[in-house]
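Let me begin by presenting the structure, written as structure tokens, before commenting on it.
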Amino acid sequence: MLFLKNSPRVLTAWCFYDWANSVHALVVVSAIFPVYFNATARNAQGGVMLDFLGFSVKNSVLFSYTISASFLVVAVISPVCSAIADDGGNKKAFLRAFCTLGAVSCAGLVFFTRETTTLAVVLFGLSLVGWAGSIVFYNSFLPDIATPDRFDRLSARGFTLGYIGSVLLLVQNLTMLLFPAWYGGITPDAASRLSFLLTGLWWLGFAQIPLYFLPDSAPPTPSIRRANPFAKLRAVFSAIRQQPVLSRFLLAFFVYSTGVQTVMYVAALFGTAELRLPDESLIVTILLIQLVAIPGAYGFSWLSARVGNVRALMLAVVVWVGICAGAYLTYTPNQFFVLAAVVGLVMGGIQSLSRATFAKFMPGRTTETTSYFSSYDVCEKLSIVLGTGLYGLVETLTGSMRVSILSLLVVFMTGLLLLWRVLAQKMVQTDLQTAEVS
């Protein structure tokens, strides 16, 4: 690389992409858009069955399918794009392209009405592709701009800025819905659509900070450069298989991330369907999770410095096991709020620490950081598809969301076991290195 690591200006700029893109995950995916979609995506008679590209599909199912399809697209294309970016030394160009695609598509949802539902579904899907695709290249800058001793705290700092920024914009957007008189009597529909526009502008606008300050990576020398991106993919995946600690961590991450991502996506649905919580309570819950995630991210960064990354992750997974057991026994709103606070605490910690841990386990001198992180991203995206699919299957077979939540307990316990294998392999590797030195 042609730049020095640990530059304060570059590290701060990198964190600001979390600030920029996290508003999409909160405002569009979690809070305002699902409610607006359910109310607006209706047929001419006001029913929930829609004609989408010649298929008759329920609006809620169409929403879920759009999310799954978008993440599957990213899981397929990101490894190829990553290999091309590493080969050409232009990962920032890919970050800019995916960011622009996502932000412009998100802003385009300002035109979402009942008559433009098909267009809105396409734009929503493209915004997810842009968001998820950009994260691959954003994460891959971590080992490029910082030394391993900075990974944990820098990753936590990025997630923290994301939580703060997304909460600020969500609160502002909620004022348009709750206090329309402040905005000249704006209607709820117009306020919702305006919030999508503001989210896209926020994302694209603040993304210019990292896009300006992040360094351009240097392309590999011609002697090691591969014209075929699939050859690079095969080389990276082969290298991962030959690194026991890294490959075992990826498997563990895939398993426990299946549980984490599923809980994050179905928490609001659980509160609505099982506990009959009003929309206002769900919004308060979402804000609570975001705010509590801030000390959680820094708390687990502090813990990892004392007990190690893997042990800290194991503790987080143990808490997730308790969350699943607690959800099965939750029947009152107050119990749900307490549970949501615990979710927020470990959500921030396990996400930021997982990213930092993977960066630490990567080969220290590799120039293919984007290709390595694409494998991490593929595991995360496929875990969303698997987790939500498993959750829906169990609910279909048992007729109970509580049993679905309880099934995730098994997923987390499996992830805990796999993390123990990572720790054991890491200890063996350390002992071998010590023996070679002596």
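Chain labels follow the order of the structure tokens: the first chain is A, the next B, and so on; residue numbering restarts at 1 in every chain, and ligands are counted from 1 in their shown order.
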
With a distance cut-off of 10 Å and only C-alpha atoms, select the neighbouring residues of segment 302-305 of chain A, excluding the residue or stretch itself and same-chain residues fewer than 4 positions from it, and output the selection as a list in words.
Asp149, Asp152, Arg153, Ala156, Gly296, Ala297, Tyr298, Asn309, Val310, Arg311, Ala312, Leu313, Leu315, Gly349, Leu353 and Thr357 of chain A

For segment 37-46 of chain A, find every residue with an atom within 7 Å (counting only C-alpha atoms), except residues of its own chain fewer than 2 positions away, and show them as a PDB file with all heavy atoms, in the first residue's frame.
ATOM      1  N   PHE A  33     -40.200   2.455   6.718  1.00  0.00           N
ATOM      2  CA  PHE A  33     -40.591   1.849   5.444  1.00  0.00           C
ATOM      3  C   PHE A  33     -41.483   0.620   5.602  1.00  0.00           C
ATOM      4  O   PHE A  33     -42.466   0.479   4.849  1.00  0.00           O
ATOM      5  CB  PHE A  33     -39.350   1.501   4.618  1.00  0.00           C
ATOM      6  CG  PHE A  33     -39.674   0.957   3.251  1.00  0.00           C
ATOM      7  CD1 PHE A  33     -40.075   1.803   2.229  1.00  0.00           C
ATOM      8  CD2 PHE A  33     -39.599  -0.399   2.995  1.00  0.00           C
ATOM      9  CE1 PHE A  33     -40.389   1.307   0.968  1.00  0.00           C
ATOM     10  CE2 PHE A  33     -39.905  -0.910   1.747  1.00  0.00           C
ATOM     11  CZ  PHE A  33     -40.305  -0.050   0.730  1.00  0.00           C
ATOM     12  N   PRO A  34     -41.205  -0.322   6.526  1.00  0.00           N
ATOM     13  CA  PRO A  34     -42.101  -1.487   6.640  1.00  0.00           C
ATOM     14  C   PRO A  34     -43.543  -1.107   6.934  1.00  0.00           C
ATOM     15  O   PRO A  34     -44.477  -1.710   6.401  1.00  0.00           O
ATOM     16  CB  PRO A  34     -41.479  -2.293   7.790  1.00  0.00           C
ATOM     17  CG  PRO A  34     -40.044  -1.897   7.796  1.00  0.00           C
ATOM     18  CD  PRO A  34     -40.038  -0.446   7.420  1.00  0.00           C
ATOM     19  N   VAL A  35     -43.733  -0.114   7.810  1.00  0.00           N
ATOM     20  CA  VAL A  35     -45.086   0.323   8.152  1.00  0.00           C
ATOM     21  C   VAL A  35     -45.760   0.970   6.935  1.00  0.00           C
ATOM     22  O   VAL A  35     -46.920   0.681   6.609  1.00  0.00           O
ATOM     23  CB  VAL A  35     -45.043   1.307   9.342  1.00  0.00           C
ATOM     24  CG1 VAL A  35     -46.452   1.829   9.643  1.00  0.00           C
ATOM     25  CG2 VAL A  35     -44.456   0.636  10.570  1.00  0.00           C
ATOM     26  N   VAL A  48     -54.455  -7.143   0.470  1.00  0.00           N
ATOM     27  CA  VAL A  48     -53.010  -7.333   0.607  1.00  0.00           C
ATOM     28  C   VAL A  48     -52.409  -8.174  -0.515  1.00  0.00           C
ATOM     29  O   VAL A  48     -51.189  -8.287  -0.615  1.00  0.00           O
ATOM     30  CB  VAL A  48     -52.680  -7.999   1.963  1.00  0.00           C
ATOM     31  CG1 VAL A  48     -53.089  -7.101   3.114  1.00  0.00           C
ATOM     32  CG2 VAL A  48     -53.333  -9.372   2.079  1.00  0.00           C
ATOM     33  N   MET A  49     -53.233  -8.772  -1.370  1.00  0.00           N
ATOM     34  CA  MET A  49     -52.724  -9.580  -2.476  1.00  0.00           C
ATOM     35  C   MET A  49     -52.391  -8.676  -3.662  1.00  0.00           C
ATOM     36  O   MET A  49     -53.234  -7.909  -4.131  1.00  0.00           O
ATOM     37  CB  MET A  49     -53.736 -10.643  -2.882  1.00  0.00           C
ATOM     38  CG  MET A  49     -54.067 -11.641  -1.785  1.00  0.00           C
ATOM     39  SD  MET A  49     -52.588 -12.487  -1.127  1.00  0.00           S
ATOM     40  CE  MET A  49     -52.011 -13.346  -2.603  1.00  0.00           C
ATOM     41  N   LEU A  50     -51.146  -8.768  -4.120  1.00  0.00           N
ATOM     42  CA  LEU A  50     -50.664  -7.883  -5.176  1.00  0.00           C
ATOM     43  C   LEU A  50     -50.340  -8.673  -6.433  1.00  0.00           C
ATOM     44  O   LEU A  50     -49.978  -9.853  -6.377  1.00  0.00           O
ATOM     45  CB  LEU A  50     -49.400  -7.145  -4.708  1.00  0.00           C
ATOM     46  CG  LEU A  50     -49.511  -6.317  -3.437  1.00  0.00           C
ATOM     47  CD1 LEU A  50     -48.139  -5.785  -3.047  1.00  0.00           C
ATOM     48  CD2 LEU A  50     -50.481  -5.166  -3.623  1.00  0.00           C
ATOM     49  N   ASN A  59     -48.509  -8.866   0.244  1.00  0.00           N
ATOM     50  CA  ASN A  59     -47.549  -7.763   0.381  1.00  0.00           C
ATOM     51  C   ASN A  59     -46.442  -8.062   1.393  1.00  0.00           C
ATOM     52  O   ASN A  59     -45.272  -7.744   1.163  1.00  0.00           O
ATOM     53  CB  ASN A  59     -48.268  -6.455   0.715  1.00  0.00           C
ATOM     54  CG  ASN A  59     -49.043  -6.504   2.020  1.00  0.00           C
ATOM     55  OD1 ASN A  59     -49.087  -7.527   2.710  1.00  0.00           O
ATOM     56  ND2 ASN A  59     -49.673  -5.390   2.363  1.00  0.00           N
ATOM     57  N   SER A  60     -46.780  -8.681   2.526  1.00  0.00           N
ATOM     58  CA  SER A  60     -45.761  -8.977   3.530  1.00  0.00           C
ATOM     59  C   SER A  60     -44.761 -10.019   3.022  1.00  0.00           C
ATOM     60  O   SER A  60     -43.563  -9.949   3.309  1.00  0.00           O
ATOM     61  CB  SER A  60     -46.407  -9.471   4.829  1.00  0.00           C
ATOM     62  OG  SER A  60     -47.160 -10.649   4.604  1.00  0.00           O
ATOM     63  N   THR A 113     -46.076   5.283  -4.258  1.00  0.00           N
ATOM     64  CA  THR A 113     -47.513   5.354  -3.985  1.00  0.00           C
ATOM     65  C   THR A 113     -48.110   3.987  -4.345  1.00  0.00           C
ATOM     66  O   THR A 113     -47.401   3.097  -4.825  1.00  0.00           O
ATOM     67  CB  THR A 113     -48.191   6.444  -4.831  1.00  0.00           C
ATOM     68  OG1 THR A 113     -48.065   6.107  -6.224  1.00  0.00           O
ATOM     69  CG2 THR A 113     -47.563   7.814  -4.563  1.00  0.00           C
ATOM     70  N   ARG A 114     -49.402   3.826  -4.131  1.00  0.00           N
ATOM     71  CA  ARG A 114     -50.037   2.552  -4.454  1.00  0.00           C
ATOM     72  C   ARG A 114     -49.870   2.222  -5.940  1.00  0.00           C
ATOM     73  O   ARG A 114     -49.684   1.062  -6.308  1.00  0.00           O
ATOM     74  CB  ARG A 114     -51.525   2.592  -4.097  1.00  0.00           C
ATOM     75  CG  ARG A 114     -52.267   1.310  -4.427  1.00  0.00           C
ATOM     76  CD  ARG A 114     -53.715   1.373  -3.978  1.00  0.00           C
ATOM     77  NE  ARG A 114     -53.821   1.518  -2.530  1.00  0.00           N
ATOM     78  CZ  ARG A 114     -54.978   1.564  -1.869  1.00  0.00           C
ATOM     79  NH1 ARG A 114     -56.121   1.479  -2.530  1.00  0.00           N
ATOM     80  NH2 ARG A 114     -54.993   1.713  -0.563  1.00  0.00           N
ATOM     81  N   THR A 117     -46.148   0.699  -6.864  1.00  0.00           N
ATOM     82  CA  THR A 117     -45.640  -0.327  -5.947  1.00  0.00           C
ATOM     83  C   THR A 117     -44.539  -1.176  -6.589  1.00  0.00           C
ATOM     84  O   THR A 117     -43.516  -1.470  -5.960  1.00  0.00           O
ATOM     85  CB  THR A 117     -46.785  -1.231  -5.467  1.00  0.00           C
ATOM     86  OG1 THR A 117     -47.697  -0.466  -4.685  1.00  0.00           O
ATOM     87  CG2 THR A 117     -46.245  -2.377  -4.624  1.00  0.00           C
TER      88      THR A 117
END

Filtered DSSP result for segment 93-248 of chain A, state alpha helix (DSSP H), as a CSV table (one decimal) with C-alpha atoms, in the first residue's frame:
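To be explicit, this is the file written out as selection_1.csv:
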chain,number,residue,atom,x,y,z
A,93,ALA,CA,-14.4,2.9,-6.9
A,94,PHE,CA,-16.6,-0.1,-6.0
A,95,LEU,CA,-17.5,1.4,-2.7
A,96,ARG,CA,-18.6,4.6,-4.5
A,97,ALA,CA,-20.6,2.7,-7.0
A,98,PHE,CA,-22.5,0.5,-4.6
A,99,CYS,CA,-23.0,3.5,-2.2
A,100,THR,CA,-24.4,5.6,-5.1
A,101,LEU,CA,-26.7,2.8,-6.3
A,102,GLY,CA,-28.1,2.3,-2.8
A,103,ALA,CA,-28.5,6.0,-1.8
A,104,VAL,CA,-30.1,7.0,-5.1
A,105,SER,CA,-32.5,4.0,-5.0
A,106,CYS,CA,-33.4,4.9,-1.5
A,107,ALA,CA,-34.1,8.5,-2.4
A,108,GLY,CA,-36.2,7.3,-5.3
A,117,THR,CA,-45.6,-0.3,-5.9
A,118,THR,CA,-43.7,-2.4,-8.5
A,119,LEU,CA,-41.2,0.4,-9.0
A,120,ALA,CA,-40.9,0.8,-5.3
A,121,VAL,CA,-40.2,-2.9,-4.7
A,122,VAL,CA,-37.4,-2.7,-7.4
A,123,LEU,CA,-35.9,0.5,-5.8
A,124,PHE,CA,-36.1,-1.1,-2.3
A,125,GLY,CA,-34.3,-4.1,-3.6
A,126,LEU,CA,-31.6,-2.0,-5.3
A,127,SER,CA,-31.1,0.1,-2.2
A,128,LEU,CA,-30.4,-3.2,-0.2
A,129,VAL,CA,-28.0,-4.4,-2.9
A,130,GLY,CA,-26.2,-1.0,-2.8
A,131,TRP,CA,-26.1,-1.0,1.0
A,132,ALA,CA,-25.0,-4.6,1.5
A,133,GLY,CA,-22.5,-4.4,-1.4
A,134,SER,CA,-20.9,-1.3,-0.1
A,135,ILE,CA,-20.3,-2.8,3.3
A,136,VAL,CA,-18.0,-5.4,1.8
A,137,PHE,CA,-15.6,-2.8,0.5
A,138,TYR,CA,-16.0,-0.5,3.5
A,139,ASN,CA,-15.1,-3.4,5.9
A,140,SER,CA,-12.1,-4.4,3.8
A,142,LEU,CA,-10.0,-1.9,8.1
A,143,PRO,CA,-6.8,-3.9,7.9
A,144,ASP,CA,-5.5,-1.4,5.2
A,145,ILE,CA,-5.7,1.7,7.4
A,148,PRO,CA,-4.3,-4.9,14.6
A,149,ASP,CA,-4.0,-3.3,18.0
A,150,ARG,CA,-6.6,-0.7,16.7
A,151,PHE,CA,-9.1,-3.1,15.1
A,152,ASP,CA,-11.4,-3.7,18.1
A,153,ARG,CA,-11.8,-0.1,19.2
A,154,LEU,CA,-11.9,1.3,15.7
A,155,SER,CA,-14.6,-1.2,14.7
A,156,ALA,CA,-16.6,-0.2,17.8
A,157,ARG,CA,-16.2,3.5,17.1
A,158,GLY,CA,-17.6,3.0,13.6
A,159,PHE,CA,-20.7,1.1,14.8
A,160,THR,CA,-21.2,3.7,17.5
A,161,LEU,CA,-21.2,6.6,15.0
A,162,GLY,CA,-23.7,4.5,12.9
A,163,TYR,CA,-26.0,4.1,15.9
A,164,ILE,CA,-25.9,7.8,16.8
A,165,GLY,CA,-26.4,9.1,13.3
A,166,SER,CA,-29.3,6.7,12.5
A,167,VAL,CA,-31.1,7.6,15.7
A,168,LEU,CA,-30.7,11.3,15.0
A,169,LEU,CA,-32.2,11.0,11.6
A,170,LEU,CA,-35.0,8.7,12.8
A,171,VAL,CA,-36.0,11.1,15.5
A,172,GLN,CA,-36.1,13.9,13.0
A,173,ASN,CA,-38.2,11.9,10.6
A,174,LEU,CA,-40.5,10.9,13.5
A,175,THR,CA,-41.2,14.5,14.3
A,176,MET,CA,-42.7,14.9,10.8
A,177,LEU,CA,-45.1,12.0,11.6
A,178,LEU,CA,-45.9,12.9,15.2
A,188,PRO,CA,-48.4,11.0,7.1
A,189,ASP,CA,-47.8,9.6,3.6
A,190,ALA,CA,-45.8,12.7,2.5
A,191,ALA,CA,-43.8,12.6,5.7
A,192,SER,CA,-42.9,9.0,5.2
A,193,ARG,CA,-41.9,9.5,1.6
A,194,LEU,CA,-39.9,12.6,2.5
A,195,SER,CA,-38.1,10.5,5.1
A,196,PHE,CA,-36.9,8.1,2.4
A,197,LEU,CA,-35.6,11.0,0.4
A,198,LEU,CA,-33.8,12.5,3.4
A,199,THR,CA,-32.3,9.1,4.2
A,200,GLY,CA,-30.8,8.8,0.7
A,201,LEU,CA,-29.4,12.3,0.8
A,202,TRP,CA,-27.9,11.7,4.2
A,203,TRP,CA,-26.3,8.5,3.1
A,204,LEU,CA,-24.8,9.9,-0.1
A,205,GLY,CA,-23.9,13.2,1.4
A,206,PHE,CA,-21.9,11.9,4.4
A,207,ALA,CA,-20.4,9.1,2.4
A,208,GLN,CA,-18.3,11.8,0.6
A,209,ILE,CA,-16.2,12.1,3.7
A,210,PRO,CA,-14.7,8.6,3.6
A,211,LEU,CA,-14.8,8.6,-0.2
A,212,TYR,CA,-12.5,11.7,-0.2
A,213,PHE,CA,-10.1,10.7,2.6
A,229,PRO,CA,-11.2,-12.8,-11.1
A,230,PHE,CA,-12.4,-16.4,-10.5
A,231,ALA,CA,-8.8,-17.5,-10.3
A,232,LYS,CA,-8.2,-15.0,-7.5
A,233,LEU,CA,-11.4,-16.2,-5.8
A,234,ARG,CA,-10.1,-19.8,-5.9
A,235,ALA,CA,-6.8,-18.7,-4.5
A,236,VAL,CA,-8.3,-16.8,-1.6
A,237,PHE,CA,-10.8,-19.6,-0.7
A,238,SER,CA,-8.0,-22.1,-0.9
A,239,ALA,CA,-5.8,-19.9,1.4
A,240,ILE,CA,-8.7,-19.7,3.9
A,241,ARG,CA,-9.1,-23.4,4.0
A,244,PRO,CA,-7.5,-23.5,10.5
A,245,VAL,CA,-8.2,-20.6,12.9
A,246,LEU,CA,-9.6,-18.3,10.2
A,247,SER,CA,-11.7,-21.1,8.5
A,248,ARG,CA,-13.1,-22.3,11.9

Would you pick out the contacts of Phe71 of chain A at 8 Å or less, using only C-alpha atoms, so that residues sharing its chain but fewer than 2 positions from it are not included, and give the list as number ranges by chain?
A: 67-69, 73-75, 128-129, 132, 381-382, 385

Please produce a file of the residues just selected, as a PDB file, in the first residue's frame, where the atoms kept are N, CA and C atoms.
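See again_19.pdb below for the written result:
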ATOM      1  N   ILE A  67     -36.111  -8.729   0.410  1.00  0.00           N
ATOM      2  CA  ILE A  67     -34.919  -8.720   1.261  1.00  0.00           C
ATOM      3  C   ILE A  67     -34.047  -9.941   0.973  1.00  0.00           C
ATOM      4  N   SER A  68     -34.662 -11.108   0.940  1.00  0.00           N
ATOM      5  CA  SER A  68     -33.899 -12.336   0.696  1.00  0.00           C
ATOM      6  C   SER A  68     -33.230 -12.313  -0.678  1.00  0.00           C
ATOM      7  N   ALA A  69     -33.978 -11.901  -1.702  1.00  0.00           N
ATOM      8  CA  ALA A  69     -33.422 -11.874  -3.058  1.00  0.00           C
ATOM      9  C   ALA A  69     -32.263 -10.888  -3.161  1.00  0.00           C
ATOM     10  N   VAL A  73     -28.388 -11.798  -4.141  1.00  0.00           N
ATOM     11  CA  VAL A  73     -27.674 -11.149  -5.244  1.00  0.00           C
ATOM     12  C   VAL A  73     -26.296 -10.682  -4.782  1.00  0.00           C
ATOM     13  N   VAL A  74     -26.263 -10.042  -3.616  1.00  0.00           N
ATOM     14  CA  VAL A  74     -24.987  -9.556  -3.089  1.00  0.00           C
ATOM     15  C   VAL A  74     -24.047 -10.713  -2.777  1.00  0.00           C
ATOM     16  N   ALA A  75     -24.599 -11.791  -2.219  1.00  0.00           N
ATOM     17  CA  ALA A  75     -23.767 -12.948  -1.900  1.00  0.00           C
ATOM     18  C   ALA A  75     -23.136 -13.536  -3.153  1.00  0.00           C
ATOM     19  N   LEU A 128     -31.052  -2.135  -1.060  1.00  0.00           N
ATOM     20  CA  LEU A 128     -30.444  -3.173  -0.232  1.00  0.00           C
ATOM     21  C   LEU A 128     -29.164  -3.713  -0.866  1.00  0.00           C
ATOM     22  N   VAL A 129     -29.188  -3.904  -2.193  1.00  0.00           N
ATOM     23  CA  VAL A 129     -27.984  -4.367  -2.896  1.00  0.00           C
ATOM     24  C   VAL A 129     -26.866  -3.339  -2.742  1.00  0.00           C
ATOM     25  N   ALA A 132     -25.724  -3.382   1.132  1.00  0.00           N
ATOM     26  CA  ALA A 132     -24.961  -4.568   1.508  1.00  0.00           C
ATOM     27  C   ALA A 132     -23.677  -4.681   0.700  1.00  0.00           C
ATOM     28  N   LYS A 381     -24.534 -12.666   4.864  1.00  0.00           N
ATOM     29  CA  LYS A 381     -25.751 -12.569   4.050  1.00  0.00           C
ATOM     30  C   LYS A 381     -26.482 -13.905   3.984  1.00  0.00           C
ATOM     31  N   LEU A 382     -25.739 -14.996   3.809  1.00  0.00           N
ATOM     32  CA  LEU A 382     -26.379 -16.306   3.766  1.00  0.00           C
ATOM     33  C   LEU A 382     -26.974 -16.676   5.119  1.00  0.00           C
ATOM     34  N   VAL A 385     -30.456 -15.263   5.187  1.00  0.00           N
ATOM     35  CA  VAL A 385     -31.387 -16.088   4.411  1.00  0.00           C
ATOM     36  C   VAL A 385     -31.726 -17.367   5.168  1.00  0.00           C
TER      37      VAL A 385
END

Could you state the separation of atom CA of Ser78 of chain A and atom CA of Lys360 of chain A in Å, given to one decimal place?
21.3 Å

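Using only C-alpha atoms, the smallest distance between any of A:Thr285, A:Ser352, A:Pro180, A:Pro215 and Arg9 of chain A comes from A:Pro215.
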
For atom CA of Ile289 of chain A and atom CA of Val343 of chain A, quote the distance in Å rounded to one decimal.
6.7 Å

Interatomic distance between atom CA of Thr66 of chain A and atom CA of Ile384 of chain A?
12.7 Å

Near Ala325 of chain A, counting only C-alpha atoms, which residues have an atom at most 10 Å away, once you skip same-chain residues fewer than 3 positions from it, shown as an MDAnalysis selection string?
chainID A and resid 319:322 328:330 402 405:409

May I have the residues from that selection written out with N, CA, C and O atoms, as a compact mmCIF listing (two decimals), in the first residue's frame?
# COMPACT_ATOMS: atom_id res chain seq x y z
N VAL A 319 -24.90 -14.82 26.24
CA VAL A 319 -25.98 -13.88 26.52
C VAL A 319 -27.10 -14.05 25.49
O VAL A 319 -28.29 -13.99 25.83
N TRP A 320 -26.76 -14.31 24.22
CA TRP A 320 -27.78 -14.53 23.19
C TRP A 320 -28.60 -15.78 23.49
O TRP A 320 -29.80 -15.82 23.22
N VAL A 321 -27.96 -16.80 24.04
CA VAL A 321 -28.70 -18.00 24.46
C VAL A 321 -29.75 -17.62 25.50
O VAL A 321 -30.90 -18.04 25.45
N GLY A 322 -29.33 -16.78 26.47
CA GLY A 322 -30.26 -16.32 27.49
C GLY A 322 -31.38 -15.48 26.92
O GLY A 322 -32.53 -15.54 27.39
N TYR A 328 -38.83 -16.67 24.97
CA TYR A 328 -39.84 -17.72 25.08
C TYR A 328 -40.75 -17.51 26.28
O TYR A 328 -41.93 -17.86 26.26
N LEU A 329 -40.20 -16.86 27.33
CA LEU A 329 -40.95 -16.65 28.57
C LEU A 329 -41.50 -15.24 28.70
O LEU A 329 -42.02 -14.87 29.76
N THR A 330 -41.39 -14.44 27.64
CA THR A 330 -41.82 -13.04 27.69
C THR A 330 -43.30 -12.92 27.30
O THR A 330 -43.71 -13.39 26.22
N ARG A 402 -43.02 -18.49 19.37
CA ARG A 402 -42.20 -18.77 20.54
C ARG A 402 -41.31 -20.00 20.31
O ARG A 402 -40.14 -20.01 20.72
N ILE A 405 -38.45 -18.92 18.13
CA ILE A 405 -37.41 -18.24 18.90
C ILE A 405 -36.59 -19.26 19.68
O ILE A 405 -35.35 -19.18 19.75
N LEU A 406 -37.27 -20.25 20.25
CA LEU A 406 -36.56 -21.26 21.04
C LEU A 406 -35.62 -22.08 20.17
O LEU A 406 -34.55 -22.51 20.63
N SER A 407 -36.00 -22.30 18.91
CA SER A 407 -35.12 -23.06 18.01
C SER A 407 -33.81 -22.33 17.77
O SER A 407 -32.77 -22.96 17.51
N LEU A 408 -33.82 -21.00 17.86
CA LEU A 408 -32.59 -20.23 17.69
C LEU A 408 -31.62 -20.47 18.84
O LEU A 408 -30.41 -20.27 18.69
N LEU A 409 -32.15 -20.89 19.99
CA LEU A 409 -31.29 -21.22 21.13
C LEU A 409 -30.31 -22.32 20.72
O LEU A 409 -29.12 -22.29 21.09
